[in-house]
Amino acid sequence: MLAAYLGAGAAGRKRTVSDVAALRHFLDSRASHVAQTTLYGYLRTRAGTRYPVLFENDAYVVSINHAKWQMWLACLSDLSVFAGGLLARRAAATPEAAGAVARCAVEAILEHAGIPDDSGPLFAQSAEAVRDRLGRCDWHALADDETAFTASPEALVRHAPIIPELMALDEEIVRNSVRFRWQEVRRELRATLDADAVLGGAAPP
C-alpha cells in the first residue's frame with residue numbers, strides 16, 4: 001500500500017500549495033519520497049551487490065516493510081511540524097489556526113492509510129505519536145530551519161533492519177543522510193506555499 005504514496009514521489013511537476021488538498025498531497029508525497037530514498041538507499045549501500053538477495057528472504061522482507069511504514073510516519077511527523085510552522089509565520093491567521101490546518105491535513109492522511117497489512121504491530125502506536133506531537137506543538141516557536149526534523153533520522157537508526165554493530169558504525173552517516181534529503185523539500189515548500197490561500201480555504205477548526 002505504501003507504493004501508492006511512494007509512487008507520487010517528489011519527481012513530479014511542482015505545483016503551488018494553495019489549498020488544504022494540495023497541502024495534504026505535499027505532506028504525503030514528500031514524506032513518502034524521503035522515507036523511500038533514505039531507507040532503501042541505506043540498505044542498498046550497506047548490502048552492495050547482495051542487495052537483490054535481501055528480498056529473497058521472507059523474514060527480512062517483513063522487517064523491511066515494518067521499517068518503511070515507521071519511516072513514513074516519522075517523515076510525515078517532521079514535515080507536518082515544519083509545514084505548520086511555515087503556515088504560522090506566513091499567514092494572516094493565528095499560529096493556532098495554522099496548526100489546526102496542519103493537524104487536519106495529517107489526520108486525513110492517516111485515516112486514508114488506515115493500518116496497512118504489512119505495517120507491523122507498532123504502526124498504530126506510532127501514528128498516535130504523530131497526532132500527539134502535532135497536538136502539543138508550539139506553533140509560535142518553530143523556526144524556518146531543520147529543527148523540526150528530529151523523528152525521521154531517529155526512525156531510520158531505530159528501525160532499519162541492520163544488525164546493531166553495523167548501525168553503531170553507520171549512525172552518524174545515516175542521520176546526516178536523512179537530514180540532507182529534507183533540504184530540497186524545505187526549499188520547495190518555501191517556494192510553493194501560499195499560506196493565506198491555504199488558511200483562507202480551510203474550514204474553521
# chains A, B, ... in the order shown; residues from 1 in each chain; ligands from 1
>>> residues_around(residues="Asp132 (chain A)", least_positions_apart="4", cutoff="12 Å", atoms="only C-alpha atoms", output="ChimeraX atom specification")
/A:77,81,103,106-107,125-128,136-137
>>> residues_around(residues="Val101 (chain A)", least_positions_apart="6", cutoff="12 Å", atoms="only C-alpha atoms", output="PyMOL selection string")
chain A and resi 19-21+23-24+80-81+83-88+91+93-95+107-108+134-135+139+195-205
>>> write_last_selection(atoms="C-alpha atoms", output="short mmCIF file (atom, residue, chain, number, x, y, z; two decimals), in the first residue's frame")
data_model
loop_
_atom_site.label_atom_id
_atom_site.label_comp_id
_atom_site.auth_asym_id
_atom_site.auth_seq_id
_atom_site.Cartn_x
_atom_site.Cartn_y
_atom_site.Cartn_z
CA ASP A 19 -5.37 24.77 -0.50
CA VAL A 20 -5.64 22.04 2.10
CA ALA A 21 -5.85 19.27 -0.51
CA LEU A 23 -1.01 20.61 1.40
CA ARG A 24 -2.10 17.03 2.11
CA SER A 80 3.97 18.37 9.11
CA VAL A 81 5.54 20.26 12.01
CA ALA A 83 4.79 22.99 7.31
CA GLY A 84 2.59 24.10 10.20
CA GLY A 85 5.33 26.43 11.39
CA LEU A 86 5.71 27.88 7.91
CA LEU A 87 1.96 28.46 7.72
CA ALA A 88 2.03 30.13 11.13
CA ALA A 91 -0.41 33.57 7.11
CA ALA A 93 -4.34 33.89 10.67
CA THR A 94 -3.17 32.95 14.16
CA PRO A 95 -0.50 30.29 14.71
CA GLU A 107 -5.42 13.30 10.18
CA ALA A 108 -6.83 12.92 6.65
CA LEU A 134 1.14 17.86 16.49
CA GLY A 135 -1.31 18.35 19.34
CA TRP A 139 3.34 26.81 16.57
CA ALA A 195 -0.21 30.30 3.26
CA ASP A 196 -3.08 32.78 3.15
CA ALA A 197 -4.83 30.78 0.42
CA VAL A 198 -4.47 27.54 2.39
CA LEU A 199 -5.75 29.12 5.61
CA GLY A 200 -8.46 31.04 3.79
CA GLY A 201 -9.90 27.92 2.22
CA ALA A 202 -9.75 25.78 5.36
CA ALA A 203 -12.81 25.00 7.44
CA PRO A 204 -12.78 26.67 10.86
CA PRO A 205 -11.04 24.48 13.49
#
>>> select_by_dssp(residues="region 132-201 of chain A", states="alpha helix (DSSP H)", output="JSON list (two decimals) with N, CA and C atoms, in the first residue's frame")
[["chain", "number", "residue", "atom", "x", "y", "z"],
["A", 132, "ASP", "N", -0.10, 13.08, 18.60],
["A", 132, "ASP", "CA", 0.25, 13.68, 19.89],
["A", 132, "ASP", "C", 1.27, 14.79, 19.72],
["A", 133, "ARG", "N", 2.26, 14.57, 18.89],
["A", 133, "ARG", "CA", 3.28, 15.60, 18.66],
["A", 133, "ARG", "C", 2.65, 16.87, 18.09],
["A", 134, "LEU", "N", 1.78, 16.69, 17.10],
["A", 134, "LEU", "CA", 1.14, 17.86, 16.49],
["A", 134, "LEU", "C", 0.21, 18.55, 17.50],
["A", 135, "GLY", "N", -0.42, 17.77, 18.34],
["A", 135, "GLY", "CA", -1.31, 18.35, 19.34],
["A", 135, "GLY", "C", -0.58, 19.17, 20.38],
["A", 136, "ARG", "N", 0.67, 18.83, 20.65],
["A", 136, "ARG", "CA", 1.45, 19.53, 21.67],
["A", 136, "ARG", "C", 2.36, 20.61, 21.10],
["A", 151, "ALA", "N", 12.43, 13.32, 14.18],
["A", 151, "ALA", "CA", 11.88, 11.95, 14.24],
["A", 151, "ALA", "C", 12.40, 11.07, 13.11],
["A", 152, "SER", "N", 12.58, 11.63, 11.92],
["A", 152, "SER", "CA", 12.95, 10.79, 10.78],
["A", 152, "SER", "C", 14.38, 10.24, 10.86],
["A", 153, "PRO", "N", 15.39, 11.05, 11.25],
["A", 153, "PRO", "CA", 16.71, 10.42, 11.43],
["A", 153, "PRO", "C", 16.71, 9.34, 12.51],
["A", 154, "GLU", "N", 15.99, 9.60, 13.60],
["A", 154, "GLU", "CA", 15.91, 8.62, 14.68],
["A", 154, "GLU", "C", 15.22, 7.34, 14.20],
["A", 155, "ALA", "N", 14.18, 7.47, 13.39],
["A", 155, "ALA", "CA", 13.43, 6.30, 12.92],
["A", 155, "ALA", "C", 14.29, 5.41, 12.05],
["A", 156, "LEU", "N", 15.11, 6.00, 11.18],
["A", 156, "LEU", "CA", 15.95, 5.17, 10.32],
["A", 156, "LEU", "C", 16.98, 4.42, 11.15],
["A", 157, "VAL", "N", 17.57, 5.09, 12.12],
["A", 157, "VAL", "CA", 18.53, 4.42, 13.00],
["A", 157, "VAL", "C", 17.85, 3.29, 13.80],
["A", 158, "ARG", "N", 16.66, 3.56, 14.29],
["A", 158, "ARG", "CA", 15.99, 2.60, 15.16],
["A", 158, "ARG", "C", 15.39, 1.42, 14.41],
["A", 159, "HIS", "N", 14.83, 1.68, 13.21],
["A", 159, "HIS", "CA", 14.01, 0.65, 12.57],
["A", 159, "HIS", "C", 14.64, -0.01, 11.36],
["A", 164, "PRO", "N", 22.86, -4.34, 15.03],
["A", 164, "PRO", "CA", 23.27, -3.18, 15.84],
["A", 164, "PRO", "C", 24.74, -2.80, 15.69],
["A", 165, "GLU", "N", 25.61, -3.79, 15.51],
["A", 165, "GLU", "CA", 27.02, -3.49, 15.39],
["A", 165, "GLU", "C", 27.32, -2.63, 14.15],
["A", 166, "LEU", "N", 26.65, -2.93, 13.05],
["A", 166, "LEU", "CA", 26.84, -2.13, 11.84],
["A", 166, "LEU", "C", 26.18, -0.76, 11.98],
["A", 167, "MET", "N", 24.99, -0.73, 12.59],
["A", 167, "MET", "CA", 24.34, 0.56, 12.77],
["A", 167, "MET", "C", 25.16, 1.48, 13.65],
["A", 168, "ALA", "N", 25.82, 0.93, 14.66],
["A", 168, "ALA", "CA", 26.68, 1.75, 15.52],
["A", 168, "ALA", "C", 27.77, 2.42, 14.71],
["A", 169, "LEU", "N", 28.29, 1.72, 13.71],
["A", 169, "LEU", "CA", 29.31, 2.30, 12.84],
["A", 169, "LEU", "C", 28.73, 3.34, 11.89],
["A", 170, "ASP", "N", 27.49, 3.12, 11.47],
["A", 170, "ASP", "CA", 26.88, 3.94, 10.42],
["A", 170, "ASP", "C", 26.05, 5.10, 10.95],
["A", 171, "GLU", "N", 25.77, 5.15, 12.25],
["A", 171, "GLU", "CA", 24.71, 6.01, 12.76],
["A", 171, "GLU", "C", 24.84, 7.47, 12.34],
["A", 172, "GLU", "N", 26.00, 8.05, 12.48],
["A", 172, "GLU", "CA", 26.15, 9.47, 12.14],
["A", 172, "GLU", "C", 25.88, 9.71, 10.66],
["A", 173, "ILE", "N", 26.40, 8.83, 9.81],
["A", 173, "ILE", "CA", 26.18, 8.97, 8.37],
["A", 173, "ILE", "C", 24.70, 8.80, 8.04],
["A", 174, "VAL", "N", 24.05, 7.83, 8.69],
["A", 174, "VAL", "CA", 22.63, 7.58, 8.45],
["A", 174, "VAL", "C", 21.79, 8.79, 8.82],
["A", 175, "ARG", "N", 22.04, 9.34, 9.99],
["A", 175, "ARG", "CA", 21.28, 10.52, 10.42],
["A", 175, "ARG", "C", 21.50, 11.69, 9.46],
["A", 176, "ASN", "N", 22.72, 11.91, 9.06],
["A", 176, "ASN", "CA", 23.01, 13.02, 8.16],
["A", 176, "ASN", "C", 22.39, 12.82, 6.78],
["A", 177, "SER", "N", 22.29, 11.58, 6.34],
["A", 177, "SER", "CA", 21.68, 11.32, 5.04],
["A", 177, "SER", "C", 20.21, 11.71, 5.04],
["A", 178, "VAL", "N", 19.52, 11.47, 6.16],
["A", 178, "VAL", "CA", 18.12, 11.86, 6.25],
["A", 178, "VAL", "C", 18.00, 13.38, 6.29],
["A", 179, "ARG", "N", 18.81, 14.02, 7.09],
["A", 179, "ARG", "CA", 18.78, 15.48, 7.18],
["A", 179, "ARG", "C", 19.03, 16.12, 5.81],
["A", 180, "PHE", "N", 19.95, 15.56, 5.06],
["A", 180, "PHE", "CA", 20.26, 16.09, 3.74],
["A", 180, "PHE", "C", 19.05, 16.00, 2.81],
["A", 181, "ARG", "N", 18.33, 14.90, 2.87],
["A", 181, "ARG", "CA", 17.18, 14.71, 1.99],
["A", 181, "ARG", "C", 16.10, 15.76, 2.20],
["A", 182, "TRP", "N", 16.02, 16.33, 3.39],
["A", 182, "TRP", "CA", 14.97, 17.31, 3.67],
["A", 182, "TRP", "C", 15.29, 18.69, 3.12],
["A", 183, "GLN", "N", 16.50, 18.96, 2.75],
["A", 183, "GLN", "CA", 16.86, 20.31, 2.33],
["A", 183, "GLN", "C", 16.05, 20.76, 1.12],
["A", 184, "GLU", "N", 15.98, 19.92, 0.10],
["A", 184, "GLU", "CA", 15.24, 20.28, -1.10],
["A", 184, "GLU", "C", 13.74, 20.38, -0.82],
["A", 185, "VAL", "N", 13.22, 19.53, 0.05],
["A", 185, "VAL", "CA", 11.80, 19.57, 0.39],
["A", 185, "VAL", "C", 11.46, 20.90, 1.06],
["A", 186, "ARG", "N", 12.31, 21.36, 1.97],
["A", 186, "ARG", "CA", 12.07, 22.66, 2.62],
["A", 186, "ARG", "C", 12.11, 23.79, 1.60],
["A", 187, "ARG", "N", 13.08, 23.74, 0.70],
["A", 187, "ARG", "CA", 13.16, 24.79, -0.34],
["A", 187, "ARG", "C", 11.91, 24.79, -1.20],
["A", 188, "GLU", "N", 11.44, 23.61, -1.55],
["A", 188, "GLU", "CA", 10.25, 23.52, -2.40],
["A", 188, "GLU", "C", 9.02, 24.08, -1.70],
["A", 189, "LEU", "N", 8.83, 23.73, -0.44],
["A", 189, "LEU", "CA", 7.65, 24.22, 0.27],
["A", 189, "LEU", "C", 7.72, 25.75, 0.45],
["A", 190, "ARG", "N", 8.89, 26.26, 0.75],
["A", 190, "ARG", "CA", 9.02, 27.72, 0.86],
["A", 190, "ARG", "C", 8.63, 28.40, -0.45],
["A", 191, "ALA", "N", 9.01, 27.79, -1.58],
["A", 191, "ALA", "CA", 8.78, 28.40, -2.88],
["A", 191, "ALA", "C", 7.34, 28.26, -3.35],
["A", 192, "THR", "N", 6.63, 27.23, -2.90],
["A", 192, "THR", "CA", 5.30, 26.94, -3.47],
["A", 192, "THR", "C", 4.14, 27.21, -2.52],
["A", 195, "ALA", "N", 0.35, 30.55, 1.93],
["A", 195, "ALA", "CA", -0.21, 30.30, 3.26],
["A", 195, "ALA", "C", -1.60, 30.91, 3.43],
["A", 196, "ASP", "N", -1.78, 32.13, 2.98],
["A", 196, "ASP", "CA", -3.08, 32.78, 3.15],
["A", 196, "ASP", "C", -4.17, 32.05, 2.38],
["A", 197, "ALA", "N", -3.84, 31.53, 1.20],
["A", 197, "ALA", "CA", -4.83, 30.78, 0.42],
["A", 197, "ALA", "C", -5.19, 29.48, 1.12],
["A", 198, "VAL", "N", -4.19, 28.79, 1.68],
["A", 198, "VAL", "CA", -4.47, 27.54, 2.39],
["A", 198, "VAL", "C", -5.35, 27.81, 3.61],
["A", 199, "LEU", "N", -4.97, 28.80, 4.40],
["A", 199, "LEU", "CA", -5.75, 29.12, 5.61],
["A", 199, "LEU", "C", -7.11, 29.68, 5.25],
["A", 200, "GLY", "N", -7.19, 30.45, 4.18],
["A", 200, "GLY", "CA", -8.46, 31.04, 3.79],
["A", 200, "GLY", "C", -9.47, 30.04, 3.31],
["A", 201, "GLY", "N", -8.99, 28.94, 2.74],
["A", 201, "GLY", "CA", -9.90, 27.92, 2.22],
["A", 201, "GLY", "C", -10.20, 26.82, 3.20]]
>>> atom_distance(atom1="CA of Asp58 (chain A)", atom2="CA of Cys75 (chain A)")
25.7 Å
>>> atom_distance(atom1="CA of His66 (chain A)", atom2="CA of Ala102 (chain A)")
25.5 Å
>>> residues_around(residues="Leu110 (chain A)", least_positions_apart="4", cutoff="10 Å", atoms="only C-alpha atoms", output="number ranges by chain")
A: 28, 73, 76, 104-106, 114-115, 124, 127-128, 130-131
>>> closest_residue(among="A:Arg30, A:His140, A:His112, A:Lys68", to="Arg89 (chain A)", atoms="only C-alpha atoms")
A:His140
>>> closest_residue(among="A:Trp72, A:Phe55, A:Tyr42, A:Phe82", to="Asp138 (chain A)", atoms="only C-alpha atoms")
A:Phe82
>>> atom_distance(atom1="CA of Phe149 (chain A)", atom2="CA of Ala67 (chain A)")
17.9 Å
